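Next comes data10.pdb, with PDB, C-alpha atoms and all ligand atoms.
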ATOM      1  CA  MET A 193     136.242  57.966 -70.197
ATOM      2  CA  LEU A 194     134.633  55.116 -68.261
ATOM      3  CA  GLU A 195     133.397  55.800 -64.784
ATOM      4  CA  ALA A 196     131.717  53.610 -62.185
ATOM      5  CA  LYS A 197     130.044  55.517 -59.361
ATOM      6  CA  HIS A 198     129.042  54.107 -55.988
ATOM      7  CA  ILE A 199     128.393  50.567 -57.225
ATOM      8  CA  ARG A 200     126.698  48.198 -54.832
ATOM      9  CA  TYR A 201     126.055  44.614 -55.844
ATOM     10  CA  ASP A 202     124.470  41.890 -53.706
ATOM     11  CA  ILE A 203     123.815  38.224 -54.420
ATOM     12  CA  ASP A 204     121.148  36.606 -52.235
ATOM     13  CA  GLY A 205     121.592  39.268 -49.600
ATOM     14  CA  VAL A 206     125.386  38.894 -49.548
ATOM     15  CA  CYS A 207     127.264  42.089 -50.371
ATOM     16  CA  ILE A 208     129.737  41.414 -53.211
ATOM     17  CA  LEU A 209     130.603  45.041 -54.043
ATOM     18  CA  LYS A 210     130.149  47.899 -51.603
ATOM     19  CA  ASP A 211     130.217  51.514 -52.770
ATOM     20  CA  VAL A 212     132.832  50.934 -55.470
ATOM     21  CA  SER A 213     133.858  53.914 -57.578
ATOM     22  CA  LEU A 214     136.461  53.765 -60.314
ATOM     23  CA  CYS A 215     137.500  56.196 -63.008
ATOM     24  CA  VAL A 216     139.270  55.229 -66.222
ATOM     25  CA  GLU A 217     140.613  58.193 -68.176
ATOM     26  CA  LYS A 218     140.609  57.926 -71.955
ATOM     27  CA  GLY A 219     143.887  56.594 -73.342
ATOM     28  CA  THR A 220     145.102  55.040 -70.096
ATOM     29  CA  VAL A 221     145.787  51.483 -68.937
ATOM     30  CA  VAL A 222     144.101  50.767 -65.616
ATOM     31  CA  THR A 223     144.679  47.523 -63.743
ATOM     32  CA  ILE A 224     142.656  46.014 -60.913
ATOM     33  CA  VAL A 225     144.470  43.716 -58.494
ATOM     34  CA  GLY A 226     143.147  41.922 -55.449
ATOM     35  CA  PRO A 227     142.768  38.493 -53.858
ATOM     36  CA  ASN A 228     140.565  35.740 -55.295
ATOM     37  CA  GLY A 229     136.895  36.398 -54.704
ATOM     38  CA  CYS A 230     137.247  40.111 -53.841
ATOM     39  CA  GLY A 231     134.876  41.147 -56.664
ATOM     40  CA  LYS A 232     137.123  42.019 -59.626
ATOM     41  CA  SER A 233     135.234  40.014 -62.251
ATOM     42  CA  THR A 234     131.895  41.179 -60.894
ATOM     43  CA  LEU A 235     133.045  44.789 -61.218
ATOM     44  CA  LEU A 236     134.151  44.280 -64.844
ATOM     45  CA  LYS A 237     130.799  42.668 -65.654
ATOM     46  CA  ILE A 238     128.968  45.638 -64.163
ATOM     47  CA  MET A 239     131.154  48.100 -66.080
ATOM     48  CA  SER A 240     130.346  46.301 -69.331
ATOM     49  CA  ARG A 241     126.608  46.013 -68.497
ATOM     50  CA  VAL A 242     126.669  42.227 -68.268
ATOM     51  CA  LEU A 243     125.370  42.615 -64.697
ATOM     52  CA  ARG A 244     123.146  45.306 -63.297
ATOM     53  CA  PRO A 245     124.069  46.684 -59.859
ATOM     54  CA  GLN A 246     121.496  47.208 -57.102
ATOM     55  CA  SER A 247     122.673  50.786 -56.878
ATOM     56  CA  GLY A 248     125.212  53.027 -58.562
ATOM     57  CA  GLU A 249     125.750  53.858 -62.225
ATOM     58  CA  VAL A 250     128.348  53.437 -64.959
ATOM     59  CA  PHE A 251     129.080  56.207 -67.435
ATOM     60  CA  LEU A 252     130.890  55.959 -70.772
ATOM     61  CA  ASN A 253     131.999  59.389 -71.987
ATOM     62  CA  GLY A 254     129.418  60.913 -69.668
ATOM     63  CA  ARG A 255     126.523  58.742 -70.906
ATOM     64  CA  ASN A 256     124.857  56.229 -68.647
ATOM     65  CA  ILE A 257     125.638  52.826 -70.224
ATOM     66  CA  ARG A 258     122.059  51.751 -69.599
ATOM     67  CA  ALA A 259     120.965  54.374 -72.140
ATOM     68  CA  ILE A 260     123.329  53.163 -74.893
ATOM     69  CA  ASN A 261     121.941  50.570 -77.278
ATOM     70  CA  THR A 262     123.610  47.173 -77.386
ATOM     71  CA  ARG A 263     125.139  47.477 -80.869
ATOM     72  CA  GLU A 264     126.617  50.871 -80.116
ATOM     73  CA  LEU A 265     127.978  49.698 -76.762
ATOM     74  CA  ALA A 266     129.624  46.717 -78.490
ATOM     75  CA  ARG A 267     131.255  49.041 -81.022
ATOM     76  CA  ARG A 268     132.673  51.150 -78.189
ATOM     77  CA  MET A 269     133.547  48.517 -75.612
ATOM     78  CA  ALA A 270     134.813  44.925 -75.720
ATOM     79  CA  ILE A 271     135.199  42.529 -72.833
ATOM     80  CA  LEU A 272     137.345  39.437 -72.522
ATOM     81  CA  PRO A 273     135.572  37.526 -69.750
ATOM     82  CA  GLN A 274     137.438  35.327 -67.301
ATOM     83  CA  ASN A 275     135.181  32.363 -68.081
ATOM     84  CA  LYS A 276     134.400  32.157 -71.763
ATOM     85  CA  SER A 277     131.291  30.503 -73.065
ATOM     86  CA  VAL A 278     131.985  27.307 -74.939
ATOM     87  CA  ALA A 279     132.458  27.862 -78.647
ATOM     88  CA  VAL A 280     134.225  24.608 -79.459
ATOM     89  CA  ASP A 281     132.772  24.090 -82.931
ATOM     90  CA  LEU A 282     133.512  27.552 -84.249
ATOM     91  CA  THR A 283     136.661  28.178 -86.233
ATOM     92  CA  VAL A 284     139.005  30.923 -85.064
ATOM     93  CA  GLU A 285     137.981  32.995 -88.082
ATOM     94  CA  GLN A 286     134.273  32.627 -87.265
ATOM     95  CA  LEU A 287     134.862  33.575 -83.636
ATOM     96  CA  VAL A 288     136.791  36.692 -84.625
ATOM     97  CA  GLN A 289     134.064  37.584 -87.144
ATOM     98  CA  TYR A 290     131.562  37.590 -84.273
ATOM     99  CA  GLY A 291     133.471  40.550 -82.906
ATOM    100  CA  ARG A 292     132.718  42.441 -86.086
ATOM    101  CA  TYR A 293     128.934  41.956 -86.174
ATOM    102  CA  PRO A 294     128.122  45.107 -84.162
ATOM    103  CA  HIS A 295     129.576  47.000 -87.146
ATOM    104  CA  ALA A 296     127.804  44.974 -89.839
ATOM    105  CA  LYS A 297     124.885  46.340 -91.802
ATOM    106  CA  LEU A 298     121.422  45.180 -90.796
ATOM    107  CA  GLY A 299     121.073  41.620 -92.014
ATOM    108  CA  GLY A 300     124.470  40.773 -90.579
ATOM    109  CA  LYS A 301     126.561  40.702 -93.758
ATOM    110  CA  LEU A 302     130.147  41.776 -93.182
ATOM    111  CA  SER A 303     131.531  44.323 -95.636
ATOM    112  CA  LYS A 304     134.972  44.242 -97.268
ATOM    113  CA  LYS A 305     136.178  46.662 -94.578
ATOM    114  CA  ASP A 306     134.778  44.421 -91.831
ATOM    115  CA  LEU A 307     136.623  41.424 -93.287
ATOM    116  CA  GLU A 308     139.813  43.500 -93.435
ATOM    117  CA  GLU A 309     139.393  44.328 -89.729
ATOM    118  CA  VAL A 310     138.978  40.597 -89.030
ATOM    119  CA  ASP A 311     142.239  39.904 -90.914
ATOM    120  CA  GLU A 312     143.984  42.675 -89.025
ATOM    121  CA  ALA A 313     142.781  41.387 -85.636
ATOM    122  CA  ILE A 314     143.964  37.850 -86.439
ATOM    123  CA  ARG A 315     147.336  39.204 -87.538
ATOM    124  CA  ALA A 316     147.722  41.477 -84.492
ATOM    125  CA  ALA A 317     146.993  38.572 -82.153
ATOM    126  CA  GLY A 318     149.592  36.447 -83.965
ATOM    127  CA  ILE A 319     147.208  33.575 -84.743
ATOM    128  CA  THR A 320     147.252  33.547 -88.563
ATOM    129  CA  THR A 321     148.229  29.874 -88.662
ATOM    130  CA  LEU A 322     145.268  28.944 -86.432
ATOM    131  CA  ARG A 323     142.686  30.688 -88.584
ATOM    132  CA  HIS A 324     140.850  27.584 -89.813
ATOM    133  CA  ARG A 325     141.179  25.495 -86.645
ATOM    134  CA  THR A 326     138.136  24.983 -84.425
ATOM    135  CA  ILE A 327     138.287  26.501 -80.945
ATOM    136  CA  GLY A 328     137.871  23.073 -79.343
ATOM    137  CA  THR A 329     141.208  21.922 -80.782
ATOM    138  CA  LEU A 330     143.244  24.858 -79.426
ATOM    139  CA  SER A 331     145.457  24.917 -76.341
ATOM    140  CA  GLY A 332     144.372  27.199 -73.499
ATOM    141  CA  GLY A 333     146.824  29.884 -74.604
ATOM    142  CA  GLU A 334     145.869  29.678 -78.282
ATOM    143  CA  SER A 335     142.193  29.915 -77.418
ATOM    144  CA  GLN A 336     142.871  32.943 -75.216
ATOM    145  CA  MET A 337     144.574  34.697 -78.161
ATOM    146  CA  ALA A 338     141.573  33.883 -80.402
ATOM    147  CA  TRP A 339     139.226  35.559 -77.901
ATOM    148  CA  ILE A 340     141.546  38.556 -77.692
ATOM    149  CA  ALA A 341     141.450  38.775 -81.503
ATOM    150  CA  MET A 342     137.647  38.828 -81.298
ATOM    151  CA  CYS A 343     137.840  41.835 -78.961
ATOM    152  CA  LEU A 344     140.262  43.572 -81.365
ATOM    153  CA  ALA A 345     137.929  42.980 -84.330
ATOM    154  CA  GLN A 346     135.332  45.066 -82.507
ATOM    155  CA  THR A 347     137.768  48.023 -82.886
ATOM    156  CA  PRO A 348     136.434  49.433 -79.613
ATOM    157  CA  GLU A 349     137.608  52.541 -77.761
ATOM    158  CA  ILE A 350     137.999  50.542 -74.596
ATOM    159  CA  ILE A 351     138.748  46.891 -73.841
ATOM    160  CA  LEU A 352     138.142  45.191 -70.504
ATOM    161  CA  LEU A 353     140.414  42.172 -70.037
ATOM    162  CA  ASP A 354     139.714  39.821 -67.134
ATOM    163  CA  GLU A 355     142.935  37.933 -66.406
ATOM    164  CA  PRO A 356     144.132  38.029 -70.030
ATOM    165  CA  THR A 357     147.393  36.258 -69.198
ATOM    166  CA  THR A 358     145.779  33.192 -67.621
ATOM    167  CA  TYR A 359     146.792  29.943 -69.365
ATOM    168  CA  LEU A 360     149.596  31.704 -71.224
ATOM    169  CA  ASP A 361     153.277  30.810 -71.031
ATOM    170  CA  ILE A 362     155.633  33.654 -70.080
ATOM    171  CA  CYS A 363     156.388  34.580 -73.667
ATOM    172  CA  TYR A 364     152.687  34.750 -74.625
ATOM    173  CA  GLN A 365     151.959  36.728 -71.434
ATOM    174  CA  LEU A 366     154.419  39.390 -72.530
ATOM    175  CA  GLU A 367     153.028  39.274 -76.050
ATOM    176  CA  VAL A 368     149.555  40.119 -74.753
ATOM    177  CA  LEU A 369     150.829  42.869 -72.482
ATOM    178  CA  GLU A 370     153.040  44.345 -75.221
ATOM    179  CA  LEU A 371     150.040  44.281 -77.564
ATOM    180  CA  VAL A 372     148.045  46.193 -74.947
ATOM    181  CA  ARG A 373     150.854  48.739 -74.671
ATOM    182  CA  LYS A 374     151.166  49.077 -78.451
ATOM    183  CA  LEU A 375     147.432  49.591 -79.002
ATOM    184  CA  ASN A 376     147.387  52.041 -76.120
ATOM    185  CA  GLN A 377     150.340  54.061 -77.397
ATOM    186  CA  GLU A 378     149.583  53.970 -81.121
ATOM    187  CA  TYR A 379     145.796  54.258 -81.096
ATOM    188  CA  ALA A 380     145.167  55.697 -77.604
ATOM    189  CA  MET A 381     143.001  52.664 -76.924
ATOM    190  CA  THR A 382     141.899  52.483 -73.287
ATOM    191  CA  PHE A 383     142.298  49.299 -71.237
ATOM    192  CA  VAL A 384     141.005  47.984 -67.956
ATOM    193  CA  MET A 385     142.701  44.752 -66.935
ATOM    194  CA  VAL A 386     142.549  42.352 -64.045
ATOM    195  CA  LEU A 387     146.028  40.944 -63.388
ATOM    196  CA  HIS A 388     147.447  38.769 -60.637
ATOM    197  CA  ASP A 389     151.103  39.425 -61.356
ATOM    198  CA  ILE A 390     152.104  42.514 -59.367
ATOM    199  CA  ASN A 391     155.249  43.078 -61.424
ATOM    200  CA  GLN A 392     153.285  43.031 -64.670
ATOM    201  CA  ALA A 393     150.696  45.360 -63.145
ATOM    202  CA  ALA A 394     153.507  47.740 -62.111
ATOM    203  CA  GLN A 395     155.149  47.616 -65.516
ATOM    204  CA  TYR A 396     152.144  48.007 -67.787
ATOM    205  CA  SER A 397     149.649  50.209 -65.897
ATOM    206  CA  ASP A 398     149.201  53.944 -65.611
ATOM    207  CA  VAL A 399     146.843  53.520 -62.677
ATOM    208  CA  VAL A 400     146.175  50.561 -60.373
ATOM    209  CA  TYR A 401     143.167  49.895 -58.153
ATOM    210  CA  MET A 402     143.681  47.491 -55.262
ATOM    211  CA  MET A 403     140.525  45.728 -54.119
ATOM    212  CA  LYS A 404     139.781  43.916 -50.895
ATOM    213  CA  ASN A 405     136.494  42.315 -49.777
ATOM    214  CA  GLY A 406     134.327  44.064 -52.359
ATOM    215  CA  GLU A 407     135.793  47.512 -51.784
ATOM    216  CA  ILE A 408     138.508  49.656 -53.304
ATOM    217  CA  TYR A 409     141.417  49.599 -50.850
ATOM    218  CA  ASN A 410     143.418  52.296 -52.680
ATOM    219  CA  SER A 411     144.280  53.571 -56.135
ATOM    220  CA  GLY A 412     147.022  55.528 -57.854
ATOM    221  CA  THR A 413     150.169  54.962 -59.864
ATOM    222  CA  PRO A 414     151.895  51.657 -59.091
ATOM    223  CA  LYS A 415     154.695  53.474 -57.249
ATOM    224  CA  GLU A 416     152.244  55.405 -55.123
ATOM    225  CA  ILE A 417     150.182  52.476 -53.937
ATOM    226  CA  PHE A 418     152.425  49.418 -54.058
ATOM    227  CA  LEU A 419     153.636  49.947 -50.496
ATOM    228  CA  PRO A 420     154.484  47.235 -47.938
ATOM    229  CA  GLN A 421     151.487  47.979 -45.708
ATOM    230  CA  ALA A 422     149.075  47.694 -48.638
ATOM    231  CA  PHE A 423     150.370  44.246 -49.600
ATOM    232  CA  THR A 424     150.101  43.060 -46.005
ATOM    233  CA  ASP A 425     146.559  44.404 -45.643
ATOM    234  CA  VAL A 426     145.251  43.215 -49.005
ATOM    235  CA  PHE A 427     147.196  40.054 -49.821
ATOM    236  CA  ARG A 428     148.557  39.009 -46.402
ATOM    237  CA  VAL A 429     152.086  38.918 -47.777
ATOM    238  CA  GLU A 430     155.272  40.693 -46.889
ATOM    239  CA  MET A 431     156.559  42.336 -50.033
ATOM    240  CA  ARG A 432     160.209  43.072 -50.603
ATOM    241  CA  THR A 433     161.047  45.654 -53.216
ATOM    242  CA  LEU A 434     164.163  45.290 -55.328
ATOM    243  CA  ASN A 435     165.504  48.131 -57.379
ATOM    244  CA  ASP A 436     167.637  47.973 -60.491
ATOM    245  CA  GLU A 437     168.206  50.690 -63.107
ATOM    246  CA  LYS A 438     165.177  49.628 -65.096
ATOM    247  CA  ALA A 439     162.382  49.151 -62.588
ATOM    248  CA  LEU A 440     161.205  48.187 -59.135
ATOM    249  CA  TYR A 441     160.558  44.502 -58.598
ATOM    250  CA  TYR A 442     158.195  43.068 -56.027
ATOM    251  CA  VAL A 443     159.029  39.793 -54.280
ATOM    252  CA  PRO A 444     156.300  38.418 -52.003
ATOM    253  CA  GLN A 445     156.609  36.176 -48.957
ATOM    254  CA  ARG A 446     153.719  34.837 -46.929
ATOM    255  CA  VAL A 447     153.451  36.719 -43.649
ATOM    256  CA  ASP A 448     153.437  33.583 -41.457
ATOM    257  CA  VAL A 449     156.477  32.236 -43.354
ATOM    258  CA  CYS A 450     158.349  35.484 -42.663
ATOM    259  CA  ARG A 451     157.429  35.232 -38.977
ATOM    260  CA  GLU A 452     158.571  31.608 -38.704
ATOM    261  CA  GLU A 453     161.943  32.497 -40.205
ATOM    262  CA  SER A 454     162.518  35.386 -37.838
ATOM    263  CA  VAL A 455     161.742  33.323 -34.709
TER
HETATM  264  P1  LIG B   1     137.248  37.793 -58.338
HETATM  265  O1  LIG B   1     137.096  37.994 -59.800
HETATM  266  O2  LIG B   1     137.844  38.972 -57.618
HETATM  267  O3  LIG B   1     137.996  36.535 -58.003
HETATM  268  P2  LIG B   1     134.344  37.537 -58.397
HETATM  269  O4  LIG B   1     133.903  38.894 -58.807
HETATM  270  O5  LIG B   1     134.311  36.477 -59.429
HETATM  271  O6  LIG B   1     135.791  37.615 -57.699
HETATM  272  O7  LIG B   1     133.447  37.052 -57.175
HETATM  273  C1  LIG B   1     133.273  37.842 -56.024
HETATM  274  C2  LIG B   1     132.491  37.058 -54.991
HETATM  275  O8  LIG B   1     131.168  36.865 -55.444
HETATM  276  C3  LIG B   1     133.055  35.664 -54.720
HETATM  277  O9  LIG B   1     132.927  35.408 -53.337
HETATM  278  C4  LIG B   1     132.139  34.759 -55.521
HETATM  279  O10 LIG B   1     132.067  33.480 -54.944
HETATM  280  C5  LIG B   1     130.823  35.494 -55.414
HETATM  281  N1  LIG B   1     129.948  35.250 -56.581
HETATM  282  C6  LIG B   1     130.154  35.653 -57.843
HETATM  283  N2  LIG B   1     129.145  35.262 -58.651
HETATM  284  C7  LIG B   1     128.283  34.588 -57.851
HETATM  285  C8  LIG B   1     127.031  33.927 -58.070
HETATM  286  N3  LIG B   1     126.466  33.909 -59.279
HETATM  287  N4  LIG B   1     126.411  33.345 -57.002
HETATM  288  C9  LIG B   1     126.981  33.382 -55.770
HETATM  289  N5  LIG B   1     128.142  33.998 -55.509
HETATM  290  C10 LIG B   1     128.803  34.583 -56.524
HETATM  291 MG    MG B   2     137.765  36.928 -61.388
END

Starting from the file, give its structure as structure tokens.
Amino acid sequence: MLEAKHIRYDIDGVCILKDVSLCVEKGTVVTIVGPNGCGKSTLLKIMSRVLRPQSGEVFLNGRNIRAINTRELARRMAILPQNKSVAVDLTVEQLVQYGRYPHAKLGGKLSKKDLEEVDEAIRAAGITTLRHRTIGTLSGGESQMAWIAMCLAQTPEIILLDEPTTYLDICYQLEVLELVRKLNQEYAMTFVMVLHDINQAAQYSDVVYMMKNGEIYNSGTPKEIFLPQAFTDVFRVEMRTLNDEKALYYVPQRVDVCREESV
């Protein structure tokens, strides 16, 4: 279980996150949605110890993450950041191998089992044919899948994915989300994702947190919290809900557009 308690984070005296608490039960898929700049990426960085909050704590299975050593934390938790560092000269295989180093023996040599996990991660991400290409030659979507494979090679208990579907065409988007679902169902792997697509969030999440201006606006199952008032308050859109036998679908319209039409 991953838990953030009463997180406050300021930059140069500006409050970015204000008393944010979030609880991710083991084996669940939790999604954070919210407008640009509301603090989603900052929260993921704090939960993965990339940033240190001014106050509040993060606990992984009851242990304060500040007390867990870096190698152990990397074996338990992987993060796909929104903005990746440049790794243009690395091959896909080398990048994915990086994900395995927290498991390697001292001295950094990967064992046969480590190399098998690298193979498995490349296969699971569907990028076998890209294995020997350098990252700099990949399309945005291909590069995203290579970074996801690196996270998988870590074989962590929990993966934090910041906008994993960015740059991906619709088919690749579903591939990533289906992979998340498969790993969650087959291996009880836990996920925290940031998504912009409300329909994907509704379809693939057990629990959703809606954020607004550095605070949690509400949380619960998609059905519980995806209500018209919430979309107006958080995203300034009017949301229509369509129902067919399979699912609910959310269709947004800008509030001022709706008003103009009704005049
Ligand atoms: P989101 O991921 O929800 O779009 P972020 O967490 O990236 O939002 O950013 C939250 C807010 O913090 C934004 O207003 C952003 O401009 C600001 N911010 C983030 N990092 C910095 C920084 N290093 N310096 C100044 N402002 C920052
Ligand atoms: Mg972000």

Check: Residues at most 9 Å from ligand LIG 1 (chain B), using all atoms listed in the file? Could they come as a count of residues only?
Finding: 28

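Closest approach to A:Tyr441 from the set A:Lys415, A:Arg267, A:Arg325, A:Arg244 is made by A:Lys415, with distances taken over all atoms listed in the file.
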
Next item on the list: Rank nothing, just name the residue among A:Lys276, A:Lys374, A:Arg241, A:Lys210 nearest to ligand MG 2 (chain B), using all atoms listed in the file.
Entry: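 Of the candidates, the smallest distance to ligand MG 2 (chain B) is held by A:Lys276.
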
Item checked: Neighbour list for A:Leu419 as a count of residues only, cut-off 12 Å, all atoms listed in the file, skip fewer than 2 positions in-chain -> 27

Taking the file above as input, evaluate the PyMOL selection byres (((chain A and resi 369-371) around 9) and not hetatm) and report the hits as a tab-separated table (two decimals) with C-alpha atoms, in the frame of the given file.
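The resulting file, result.tsv, is shown below:
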chain	number	residue	atom	x	y	z
A	316	ALA	CA	147.72	41.48	-84.49
A	317	ALA	CA	146.99	38.57	-82.15
A	356	PRO	CA	144.13	38.03	-70.03
A	357	THR	CA	147.39	36.26	-69.20
A	364	TYR	CA	152.69	34.75	-74.62
A	365	GLN	CA	151.96	36.73	-71.43
A	366	LEU	CA	154.42	39.39	-72.53
A	367	GLU	CA	153.03	39.27	-76.05
A	368	VAL	CA	149.56	40.12	-74.75
A	372	VAL	CA	148.04	46.19	-74.95
A	373	ARG	CA	150.85	48.74	-74.67
A	374	LYS	CA	151.17	49.08	-78.45
A	375	LEU	CA	147.43	49.59	-79.00
A	376	ASN	CA	147.39	52.04	-76.12
A	392	GLN	CA	153.28	43.03	-64.67
A	396	TYR	CA	152.14	48.01	-67.79

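The residue that comes closest to ligand MG 2 (chain B), out of A:Ile260, A:Val280, A:Leu272, A:Val310 and on the basis of all atoms listed in the file, is A:Leu272.
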
Notebook entry, point to check: Expressed in Å to a single decimal, how great is the separation between atom MG of ligand MG 2 (chain B) and atom CA of A:Asp389?
Noted result: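 One can read the atom MG of ligand MG 2 (chain B) to atom CA of A:Asp389 distance as 13.6 Å.
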
Note to self: Report, in Å to a single decimal, how far apart atom CA of A:Ile271 and atom CA of A:Ser335 are.
What the structure shows: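 Computing it gives 15.1 Å between the two atoms.
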
Note to self: Let me make sure I understand: among A:Gln377, A:Gln289, A:Asn391, A:Asn275, which one has the smallest atom-to-atom distance to ligand MG 2 (chain B) if we use only C-alpha atoms and all ligand atoms?
What the structure shows: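 The closest residue to ligand MG 2 (chain B) is A:Asn275.
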
Check: What is the atom CA of A:Val221-atom CA of A:Met385 distance in Å, reported with one decimal?
Finding: 7.7 Å

Notebook entry, point to check: Which is closer to A:Val278 than all the others in A:Thr326, A:Thr262, A:Gln346, A:Ser303, using all atoms listed in the file?
Noted result: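 Using all atoms listed in the file, A:Val278 sits closest to A:Thr326.
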
Notebook entry, point to check: Which of these residues is nearest to ligand MG 2 (chain B), using only C-alpha atoms and all ligand atoms: A:Leu214, A:Ala279, A:Ile224, A:Ala196?
Noted result: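 For ligand MG 2 (chain B), the nearest of the given residues is A:Ile224.
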
Expected axis-aligned box over every listed atom of stretch 420-430 of chain A, 5 Å added per side, centre plus edges in Å to one decimal, as AutoDock Vina command-line options:
--center_x 150.3 --center_y 43.4 --center_z -47.7 --size_x 20.0 --size_y 19.1 --size_z 14.2

Evaluate the PyMOL selection byres (((chain A and resi 198) around 10) and not hetatm) on the structure here and hand back the selected residues as a PDB file with C-alpha atoms, in the frame of the given file.
ATOM      1  CA  GLU A 195     133.397  55.800 -64.784  1.00  0.00           C
ATOM      2  CA  ALA A 196     131.717  53.610 -62.185  1.00  0.00           C
ATOM      3  CA  LYS A 197     130.044  55.517 -59.361  1.00  0.00           C
ATOM      4  CA  ILE A 199     128.393  50.567 -57.225  1.00  0.00           C
ATOM      5  CA  ARG A 200     126.698  48.198 -54.832  1.00  0.00           C
ATOM      6  CA  TYR A 201     126.055  44.614 -55.844  1.00  0.00           C
ATOM      7  CA  LEU A 209     130.603  45.041 -54.043  1.00  0.00           C
ATOM      8  CA  LYS A 210     130.149  47.899 -51.603  1.00  0.00           C
ATOM      9  CA  ASP A 211     130.217  51.514 -52.770  1.00  0.00           C
ATOM     10  CA  VAL A 212     132.832  50.934 -55.470  1.00  0.00           C
ATOM     11  CA  SER A 213     133.858  53.914 -57.578  1.00  0.00           C
ATOM     12  CA  LEU A 214     136.461  53.765 -60.314  1.00  0.00           C
ATOM     13  CA  PRO A 245     124.069  46.684 -59.859  1.00  0.00           C
ATOM     14  CA  SER A 247     122.673  50.786 -56.878  1.00  0.00           C
ATOM     15  CA  GLY A 248     125.212  53.027 -58.562  1.00  0.00           C
ATOM     16  CA  GLU A 249     125.750  53.858 -62.225  1.00  0.00           C
ATOM     17  CA  VAL A 250     128.348  53.437 -64.959  1.00  0.00           C
TER      18      VAL A 250
END

Next item on the list: Decode the PyMOL selection byres (((chain A and resi 193) around 7) and not hetatm) for the given file into explicit residues and return them as a list in words.
Entry: Leu194, Glu195, Val216, Glu217, Lys218, Leu252 and Asn253 of chain A

Margin query: Residues within 9 Å of A:Ala266, please, as an MDAnalysis selection string. Count only C-alpha atoms; anything in the same chain fewer than 6 positions from it doesn't count.
Written below: chainID A and resid 291 294:295 346 348

Note to self: Set the distance at 9 Å and use only C-alpha atoms: which residues neighbour A:Leu307 once local chain neighbours fewer than 5 positions away are removed? I'd like the list as a PyMOL selection string.
What the structure shows: chain A and resi 289+292+302+312

Can you put all heavy atoms back into stretch 402-406 of chain A and show it as an mmCIF file, in the coordinates of the input?
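Writing the result to selection.cif gives the following:
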data_model
loop_
_atom_site.group_PDB
_atom_site.id
_atom_site.type_symbol
_atom_site.label_atom_id
_atom_site.label_comp_id
_atom_site.auth_asym_id
_atom_site.auth_seq_id
_atom_site.Cartn_x
_atom_site.Cartn_y
_atom_site.Cartn_z
ATOM 1 N N MET A 402 143.585 48.699 -56.091
ATOM 2 C CA MET A 402 143.681 47.491 -55.262
ATOM 3 C C MET A 402 142.335 47.273 -54.611
ATOM 4 O O MET A 402 141.772 48.204 -54.022
ATOM 5 C CB MET A 402 144.723 47.679 -54.155
ATOM 6 C CG MET A 402 146.140 47.427 -54.583
ATOM 7 S SD MET A 402 147.214 47.712 -53.153
ATOM 8 C CE MET A 402 148.258 46.298 -53.254
ATOM 9 N N MET A 403 141.829 46.036 -54.729
ATOM 10 C CA MET A 403 140.525 45.728 -54.119
ATOM 11 C C MET A 403 140.691 44.734 -52.984
ATOM 12 O O MET A 403 141.567 43.867 -53.008
ATOM 13 C CB MET A 403 139.584 45.116 -55.158
ATOM 14 C CG MET A 403 138.986 46.139 -56.092
ATOM 15 S SD MET A 403 137.812 45.357 -57.218
ATOM 16 C CE MET A 403 136.450 45.028 -56.115
ATOM 17 N N LYS A 404 139.800 44.868 -52.005
ATOM 18 C CA LYS A 404 139.781 43.916 -50.895
ATOM 19 C C LYS A 404 138.334 43.783 -50.420
ATOM 20 O O LYS A 404 137.675 44.808 -50.183
ATOM 21 C CB LYS A 404 140.669 44.449 -49.760
ATOM 22 C CG LYS A 404 140.770 43.522 -48.587
ATOM 23 C CD LYS A 404 141.507 44.172 -47.427
ATOM 24 C CE LYS A 404 141.499 43.231 -46.251
ATOM 25 N NZ LYS A 404 142.084 43.814 -45.063
ATOM 26 N N ASN A 405 137.847 42.565 -50.310
ATOM 27 C CA ASN A 405 136.494 42.315 -49.777
ATOM 28 C C ASN A 405 135.411 43.207 -50.386
ATOM 29 O O ASN A 405 134.617 43.807 -49.665
ATOM 30 C CB ASN A 405 136.479 42.525 -48.253
ATOM 31 C CG ASN A 405 137.308 41.486 -47.546
ATOM 32 O OD1 ASN A 405 137.568 40.412 -48.106
ATOM 33 N ND2 ASN A 405 137.743 41.800 -46.338
ATOM 34 N N GLY A 406 135.400 43.315 -51.708
ATOM 35 C CA GLY A 406 134.327 44.064 -52.359
ATOM 36 C C GLY A 406 134.433 45.569 -52.274
ATOM 37 O O GLY A 406 133.484 46.286 -52.594
#
